[in-house]
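These notes concern the structure reproduced below.
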Amino acid sequence: MTKTQPTLKSPSAPAESTQQTLIDHLHELRARLFWIVLSLILASSASYLIQDQIMAVLMHPLGGQRLVYLTPIGGFNFIFKVSLYFGIGLILPVIIYHLYRFLEPLMPPRRKRSVVFYILASFILAAAGAGFAYFGSLPAALHFLTSFSIQNVSAMLTVDSYLSFVITYVLGFAALFQIPLILMIINTIKPLPPKKLLGFERFVVLAAFILAAILSPTP
């Protein structure tokens with residue numbers, strides 16, 4: 001009987017397999033980015049079609065005060081940015097979904113359920129923070145900041161400055177409302193004793209007053 005010789009594996013086989021896996025991941029990333037960009041284009045186009053309603057909502061905290069633009073394309077830029085930002089807000093679930101599916105193979109099976117919980121909780125907290133900023137804090141902040149009486153100086157808000165202020169303000173509160181979730185995640189990694197947390201209470205209260213005075217200078 002003739003013995004069959006064992007087949008020798010090529011040393012380059014693992015390298016080729018790794019390279020093929022990397023190429024597959026890049027193809028998947030390109031496909032997911034394509035769907036995200038396509039969703040953004042469609043959502044922004046839909047936002048442009050209902051720009052009057054969006055403008056009414058956006059201008060509501062001003063209480064009837066008018067805005068101005070200082071360049072010939074200022075009005076177009078304002079409408080374009082509003083449609084783009086509103087479109088990004090509409091496709092946030094799409095972005096989160098594709099990000100989760102892309103990273104899903106790297107997650108242990110026991111962690112997938114907790115990751116979904118954290119994503120949903122983060123989205124709900126961000127929406128609550130944005131809602132609180134828009135309905136509660138933003139109108140009072142605008143009234144306070146635009147009510148300063150300076151001799152020979154009158155307030156004239158431009159569309160760019162107003163949009164930047166509103167977006168920064170709302171996003172700031174959306175990020176601020178993530179603190180409970182961040183503490184929960186830290187506690188799952190390294191438990192935080194309640195006594196240790198209460199020891200920092202005085203510093204947290206002082207920092208909260210300072211940040212509140214800076215972020216929302218209202219009565």
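In the structure tokens, chains take letters A, B, ... by order of appearance, with residues numbered from 1 within each chain and ligands from 1 in the order shown.
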Problem - Residues near Leu70 in chain A, cut-off 12 Å, only C-alpha atoms, skip fewer than 2 positions along chain, as a VMD selection string - result: chain A and resid 67 to 68 72 to 78 156 to 161
Practice task
Please identify all polymer residues within 10 Å of Phe123 in chain A, counting only C-alpha atoms, omitting same-chain residues fewer than 3 positions from it, and present them as a PyMOL selection string.
Solution key: chain A and resi 92-93+96+117-120+126-129+174+178
Exercise for the section: Grab the CA of Tyr48 in chain A to CA of Ser83 in chain A distance for me, in Å with one decimal place. Expected result: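 Result for CA of Tyr48 in chain A versus CA of Ser83 in chain A: 5.4 Å, one decimal.
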Exercise for the section: Name the residues in contact with range 180-193 of chain A at a cut-off of 9 Å, using only C-alpha atoms, excluding same-chain residues fewer than 5 positions from it; report them as a PyMOL selection string. Expected result: chain A and resi 118+121-122+125+198
What would the file look like if the residues just selected were written as a PDB file, in the first residue's frame with C-alpha atoms?
ATOM      1  CA  TYR A 118     -28.576  50.825  26.414  1.00  0.00           C
ATOM      2  CA  ALA A 121     -32.432  54.026  26.883  1.00  0.00           C
ATOM      3  CA  SER A 122     -29.948  56.483  25.377  1.00  0.00           C
ATOM      4  CA  LEU A 125     -33.098  60.028  27.419  1.00  0.00           C
ATOM      5  CA  LEU A 198     -22.603  60.756  48.403  1.00  0.00           C
TER       6      LEU A 198
END
Handout entry: Residue among A:Ala213, A:Ile79, A:Ala208, A:Leu42 lying closest to Met55 in chain A, counting only C-alpha atoms
Key =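 Between A:Ala213, A:Ile79, A:Ala208, A:Leu42, the residue approaching Met55 in chain A most closely is A:Ile79.
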Handout entry: Nearby residues (only C-alpha atoms) at most 12 Å from Ile91 in chain A, same-chain spacing under 5 positions excluded, as a list in words
Key = Trp35, Ile36, Val37, Leu38, Ser39, Leu40, Ile41, Leu42, Ala43, Ser44, Ala46, Ser47, Leu84, Tyr85, Phe86, Ile96, Tyr97 and His98 of chain A
Handout entry: Nearest candidate to Leu138 in chain A (options A:Ala175, A:Val205, A:Leu211, A:Met59; using only C-alpha atoms)
Key =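 Counting only C-alpha atoms, the residue closest to Leu138 in chain A is A:Met59.
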Problem - Backbone DSSP call of alpha helix (DSSP H) for range 13-140 of chain A, listed as a count of residues only - result: 102
Handout entry: Given only C-alpha atoms as the counted atoms, nearest of A:Leu26, A:Ile50, A:Ile210, A:Tyr100 to Lys112 in chain A
Key =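 Nearest candidate to Lys112 in chain A out of A:Leu26, A:Ile50, A:Ile210, A:Tyr100: A:Tyr100.
The two atoms in question, CA of Ala31 in chain A and CA of Glu104 in chain A, are spaced 15.7 Å apart.
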Problem - Polymer residues at most 12 Å from Ala140 in chain A, only C-alpha atoms, same-chain spacing of 2 or more positions, as a list of chain:residue names - result: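 Residues near the query, excluding close chain neighbours: A:Pro61, A:Leu62, A:Gly63, A:Phe132, A:Ala133, A:Tyr134, A:Phe135, A:Gly136, A:Ser137, A:Leu138, A:Leu142, A:His143, A:Phe144, A:Leu145, A:Thr146, A:Ser147, A:Ser216, A:Pro217, A:Thr218, A:Pro219.
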Just C-alpha atoms for this one: save the residues we selected as a short mmCIF file (atom, residue, chain, number, x, y, z; two decimals), in the first residue's frame.
data_model
loop_
_atom_site.label_atom_id
_atom_site.label_comp_id
_atom_site.auth_asym_id
_atom_site.auth_seq_id
_atom_site.Cartn_x
_atom_site.Cartn_y
_atom_site.Cartn_z
CA PRO A 61 -39.42 79.84 21.18
CA LEU A 62 -38.66 83.32 19.80
CA GLY A 63 -42.16 84.51 20.60
CA PHE A 132 -37.12 69.64 28.08
CA ALA A 133 -34.74 72.11 26.41
CA TYR A 134 -37.23 73.10 23.70
CA PHE A 135 -40.41 73.38 25.77
CA GLY A 136 -39.01 74.41 29.14
CA SER A 137 -35.60 76.01 29.16
CA LEU A 138 -35.04 77.45 25.67
CA LEU A 142 -33.96 83.39 24.75
CA HIS A 143 -36.18 85.86 26.61
CA PHE A 144 -33.48 86.48 29.21
CA LEU A 145 -30.59 86.80 26.74
CA THR A 146 -32.45 89.13 24.34
CA SER A 147 -33.95 91.38 27.01
CA SER A 216 -28.97 78.21 30.68
CA PRO A 217 -28.56 81.71 32.09
CA THR A 218 -32.18 82.13 33.09
CA PRO A 219 -33.87 83.23 36.34
#
Practice task
Can you work out the spacing between CA of Tyr162 in chain A and CA of Phe209 in chain A in Å, to one decimal?
Solution key: 24.9 Å
